[in-house]
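Structure record follows, encoded as structure tokens.
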Amino acid sequence: MRLVDAGRLDLDQPVRRYLPRFSGGAKDRVTVRMLLDHTSGLHNFNGEDSRDFFADLLSDPRRGSRLWTAIELLAYAKKSQHRPTGRPGEKKSYSSTGYIVLEMIIEHI
């Protein structure tokens with residue numbers, strides 16, 4: 001919120017304004033506010049339907065010491081078998097993926 005107060009971040013702007021690579025289809029309508037209030041529709045990479053992430057996490061030989069990058073975590077959410085939780089703004093559905101995207105925006109700014 002300090003970035004908002006400083007005029008460097010607008011909660012109602014689309015994410016692609018800050019991360020141009022975050023675009024295409026419904027993602028074009030996702031705003032920073034939607035990431036914060038869990039209405040982005042982004043698949044939660046470590047949610048209910050994320051067996052692939054947990055299998056990789058639990059079998060990782062560096063488990064407990066590995067630091068996952070934002071790009072690695074987003075790759076799980078982007079897999080074709082992972083469906084969005086809804087259209088942007090449609091409904092609330094917790095998404096750790098949204099917080100990873102927020103992290104990337106803050107790092108970019």
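Residues are named by chain letter and number: chains run A, B, ... in the order of the structure tokens, numbers start at 1 in each chain, and ligands are numbered from 1 in the order shown.
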Could you pull the residues within 9 Å of stretch 57-73 of chain A, counting only C-alpha atoms, minus those fewer than 4 positions along the same chain, as a VMD selection string? chain A and resid 45 to 46 52 to 53 77 97 100 to 101 103 to 104
Written selection (N, CA and C atoms) as a PDB file, in the first residue's frame:
```
ATOM      1  N   PHE A  45      -1.766 -22.460  -7.449  1.00  0.00           N
ATOM      2  CA  PHE A  45      -0.769 -23.482  -7.761  1.00  0.00           C
ATOM      3  C   PHE A  45      -0.600 -24.511  -6.647  1.00  0.00           C
ATOM      4  N   ASN A  46      -0.910 -24.146  -5.410  1.00  0.00           N
ATOM      5  CA  ASN A  46      -0.767 -25.094  -4.301  1.00  0.00           C
ATOM      6  C   ASN A  46      -2.115 -25.390  -3.638  1.00  0.00           C
ATOM      7  N   ASP A  52       0.355 -32.208  -8.791  1.00  0.00           N
ATOM      8  CA  ASP A  52       1.660 -32.152  -9.444  1.00  0.00           C
ATOM      9  C   ASP A  52       2.647 -31.312  -8.641  1.00  0.00           C
ATOM     10  N   PHE A  53       2.193 -30.177  -8.121  1.00  0.00           N
ATOM     11  CA  PHE A  53       3.079 -29.334  -7.317  1.00  0.00           C
ATOM     12  C   PHE A  53       3.511 -30.065  -6.049  1.00  0.00           C
ATOM     13  N   ALA A  77       0.723 -23.065 -12.121  1.00  0.00           N
ATOM     14  CA  ALA A  77      -0.599 -22.471 -12.342  1.00  0.00           C
ATOM     15  C   ALA A  77      -0.945 -22.402 -13.825  1.00  0.00           C
ATOM     16  N   THR A  97      -1.223 -18.031  -6.093  1.00  0.00           N
ATOM     17  CA  THR A  97      -0.674 -17.570  -7.372  1.00  0.00           C
ATOM     18  C   THR A  97      -0.792 -16.054  -7.485  1.00  0.00           C
ATOM     19  N   ILE A 100       1.991 -14.420  -5.725  1.00  0.00           N
ATOM     20  CA  ILE A 100       3.257 -14.534  -6.458  1.00  0.00           C
ATOM     21  C   ILE A 100       3.314 -13.454  -7.533  1.00  0.00           C
ATOM     22  N   VAL A 101       2.198 -13.236  -8.220  1.00  0.00           N
ATOM     23  CA  VAL A 101       2.144 -12.184  -9.239  1.00  0.00           C
ATOM     24  C   VAL A 101       2.349 -10.822  -8.578  1.00  0.00           C
ATOM     25  N   GLU A 103       4.067 -10.223  -5.897  1.00  0.00           N
ATOM     26  CA  GLU A 103       5.505 -10.166  -5.598  1.00  0.00           C
ATOM     27  C   GLU A 103       6.287  -9.693  -6.820  1.00  0.00           C
ATOM     28  N   MET A 104       5.952 -10.232  -7.978  1.00  0.00           N
ATOM     29  CA  MET A 104       6.635  -9.867  -9.216  1.00  0.00           C
ATOM     30  C   MET A 104       6.397  -8.398  -9.565  1.00  0.00           C
TER      31      MET A 104
END
```
Select from chain A everything DSSP, run on the backbone, classes as helix (DSSP H, G or I), then give the selection as number ranges by chain. A: 2-5, 15-17, 25-29, 32-36, 51-59, 70-78, 96-108
Generate a file of the selected residues that holds C-alpha atoms, formatted as an mmCIF file, in the first residue's frame.
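What ended up in part04.cif:
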```cif
data_model
loop_
_atom_site.group_PDB
_atom_site.id
_atom_site.type_symbol
_atom_site.label_atom_id
_atom_site.label_comp_id
_atom_site.auth_asym_id
_atom_site.auth_seq_id
_atom_site.Cartn_x
_atom_site.Cartn_y
_atom_site.Cartn_z
ATOM 1 C CA ARG A 2 3.021 2.266 0.348
ATOM 2 C CA LEU A 3 3.457 2.035 -3.416
ATOM 3 C CA VAL A 4 -0.186 3.075 -3.839
ATOM 4 C CA ASP A 5 0.318 6.019 -1.457
ATOM 5 C CA VAL A 15 -1.566 -6.389 -14.104
ATOM 6 C CA ARG A 16 -0.159 -6.252 -17.655
ATOM 7 C CA ARG A 17 0.554 -2.543 -17.118
ATOM 8 C CA GLY A 25 -7.238 -13.755 -22.933
ATOM 9 C CA ALA A 26 -8.931 -13.317 -19.565
ATOM 10 C CA LYS A 27 -5.627 -12.362 -17.946
ATOM 11 C CA ASP A 28 -5.891 -8.986 -19.698
ATOM 12 C CA ARG A 29 -8.762 -8.096 -17.354
ATOM 13 C CA VAL A 32 -3.980 -5.560 -8.981
ATOM 14 C CA ARG A 33 -7.046 -5.231 -6.743
ATOM 15 C CA MET A 34 -8.338 -8.607 -7.968
ATOM 16 C CA LEU A 35 -5.043 -10.207 -6.961
ATOM 17 C CA LEU A 36 -5.370 -8.733 -3.492
ATOM 18 C CA ARG A 51 -1.173 -32.779 -6.985
ATOM 19 C CA ASP A 52 1.660 -32.152 -9.444
ATOM 20 C CA PHE A 53 3.079 -29.334 -7.317
ATOM 21 C CA PHE A 54 2.889 -31.337 -4.092
ATOM 22 C CA ALA A 55 4.398 -34.430 -5.742
ATOM 23 C CA ASP A 56 7.351 -32.338 -6.927
ATOM 24 C CA LEU A 57 7.624 -30.566 -3.587
ATOM 25 C CA LEU A 58 7.660 -33.771 -1.555
ATOM 26 C CA SER A 59 10.046 -35.631 -3.872
ATOM 27 C CA ALA A 70 8.189 -16.983 -8.771
ATOM 28 C CA ILE A 71 8.548 -18.229 -12.352
ATOM 29 C CA GLU A 72 8.746 -21.854 -11.178
ATOM 30 C CA LEU A 73 5.615 -21.484 -9.058
ATOM 31 C CA LEU A 74 3.674 -19.718 -11.810
ATOM 32 C CA ALA A 75 4.562 -22.537 -14.192
ATOM 33 C CA TYR A 76 2.353 -24.862 -12.123
ATOM 34 C CA ALA A 77 -0.599 -22.471 -12.342
ATOM 35 C CA LYS A 78 -0.157 -22.147 -16.111
ATOM 36 C CA SER A 96 -1.405 -18.110 -3.684
ATOM 37 C CA THR A 97 -0.674 -17.570 -7.372
ATOM 38 C CA GLY A 98 -2.087 -14.054 -7.083
ATOM 39 C CA TYR A 99 0.380 -13.251 -4.329
ATOM 40 C CA ILE A 100 3.257 -14.534 -6.458
ATOM 41 C CA VAL A 101 2.144 -12.184 -9.239
ATOM 42 C CA LEU A 102 1.958 -9.344 -6.685
ATOM 43 C CA GLU A 103 5.505 -10.166 -5.598
ATOM 44 C CA MET A 104 6.635 -9.867 -9.216
ATOM 45 C CA ILE A 105 4.872 -6.496 -9.606
ATOM 46 C CA ILE A 106 6.523 -5.115 -6.470
ATOM 47 C CA GLU A 107 9.940 -6.348 -7.598
ATOM 48 C CA HIS A 108 9.362 -4.756 -11.014
#
```
For A:Ser93, the nearest of the candidates A:Leu11, A:Ala6, A:Leu42, A:Ser50, counting only C-alpha atoms: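 Among the listed residues, the smallest separation from A:Ser93 belongs to A:Leu42.
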Do a neighbour search on A:Glu90 at 9 Å with only C-alpha atoms, toss out local chain neighbours closer than 2 positions, and write the hits as a list of chain:residue names.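 Once the adjacent positions are removed, what remains is A:Thr39, A:Ser40, A:Gly41, A:Gly86, A:Arg87, A:Pro88, A:Lys92.
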Residue subset to file, keeping N, CA, C and O atoms, as a PDB file, in the first residue's frame:
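See out.pdb below for the written result:
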```pdb
ATOM      1  N   THR A  39     -10.055 -12.396  -6.398  1.00  0.00           N
ATOM      2  CA  THR A  39     -11.091 -12.515  -7.424  1.00  0.00           C
ATOM      3  C   THR A  39     -10.496 -12.550  -8.828  1.00  0.00           C
ATOM      4  O   THR A  39     -11.191 -12.312  -9.808  1.00  0.00           O
ATOM      5  N   SER A  40      -9.197 -12.850  -8.935  1.00  0.00           N
ATOM      6  CA  SER A  40      -8.512 -12.845 -10.236  1.00  0.00           C
ATOM      7  C   SER A  40      -8.913 -14.017 -11.121  1.00  0.00           C
ATOM      8  O   SER A  40      -8.793 -13.946 -12.336  1.00  0.00           O
ATOM      9  N   GLY A  41      -9.350 -15.110 -10.508  1.00  0.00           N
ATOM     10  CA  GLY A  41      -9.661 -16.308 -11.279  1.00  0.00           C
ATOM     11  C   GLY A  41      -8.442 -17.171 -11.555  1.00  0.00           C
ATOM     12  O   GLY A  41      -8.554 -18.224 -12.176  1.00  0.00           O
ATOM     13  N   GLY A  86     -12.473 -19.054 -12.136  1.00  0.00           N
ATOM     14  CA  GLY A  86     -13.593 -18.270 -12.647  1.00  0.00           C
ATOM     15  C   GLY A  86     -13.064 -17.151 -13.524  1.00  0.00           C
ATOM     16  O   GLY A  86     -11.864 -17.012 -13.726  1.00  0.00           O
ATOM     17  N   ARG A  87     -13.973 -16.357 -14.035  1.00  0.00           N
ATOM     18  CA  ARG A  87     -13.571 -15.184 -14.816  1.00  0.00           C
ATOM     19  C   ARG A  87     -13.072 -14.109 -13.859  1.00  0.00           C
ATOM     20  O   ARG A  87     -13.534 -14.025 -12.713  1.00  0.00           O
ATOM     21  N   PRO A  88     -12.154 -13.260 -14.303  1.00  0.00           N
ATOM     22  CA  PRO A  88     -11.665 -12.183 -13.430  1.00  0.00           C
ATOM     23  C   PRO A  88     -12.810 -11.356 -12.862  1.00  0.00           C
ATOM     24  O   PRO A  88     -13.697 -10.921 -13.595  1.00  0.00           O
ATOM     25  N   LYS A  92     -14.810 -14.910  -5.345  1.00  0.00           N
ATOM     26  CA  LYS A  92     -13.632 -15.054  -4.490  1.00  0.00           C
ATOM     27  C   LYS A  92     -13.200 -16.511  -4.465  1.00  0.00           C
ATOM     28  O   LYS A  92     -14.019 -17.406  -4.323  1.00  0.00           O
TER      29      LYS A  92
END
```
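Counting only C-alpha atoms, the residue from A:Pro84, A:Ser95, A:His38, A:Thr31 that sits nearest to A:Asp10 is A:Thr31.
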Can you work out the spacing between atom CA of A:Lys91 and atom CA of A:His43 in Å, to one decimal?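 Those two atoms sit 12.7 Å apart.
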Nearest candidate to A:Gly89 (options A:Met1, A:Phe22, A:Arg8, A:Asp37; using only C-alpha atoms): A:Asp37
For atom CA of A:Gln13 and atom CA of A:Ile109, quote the distance in Å rounded to one decimal. 13.9 Å
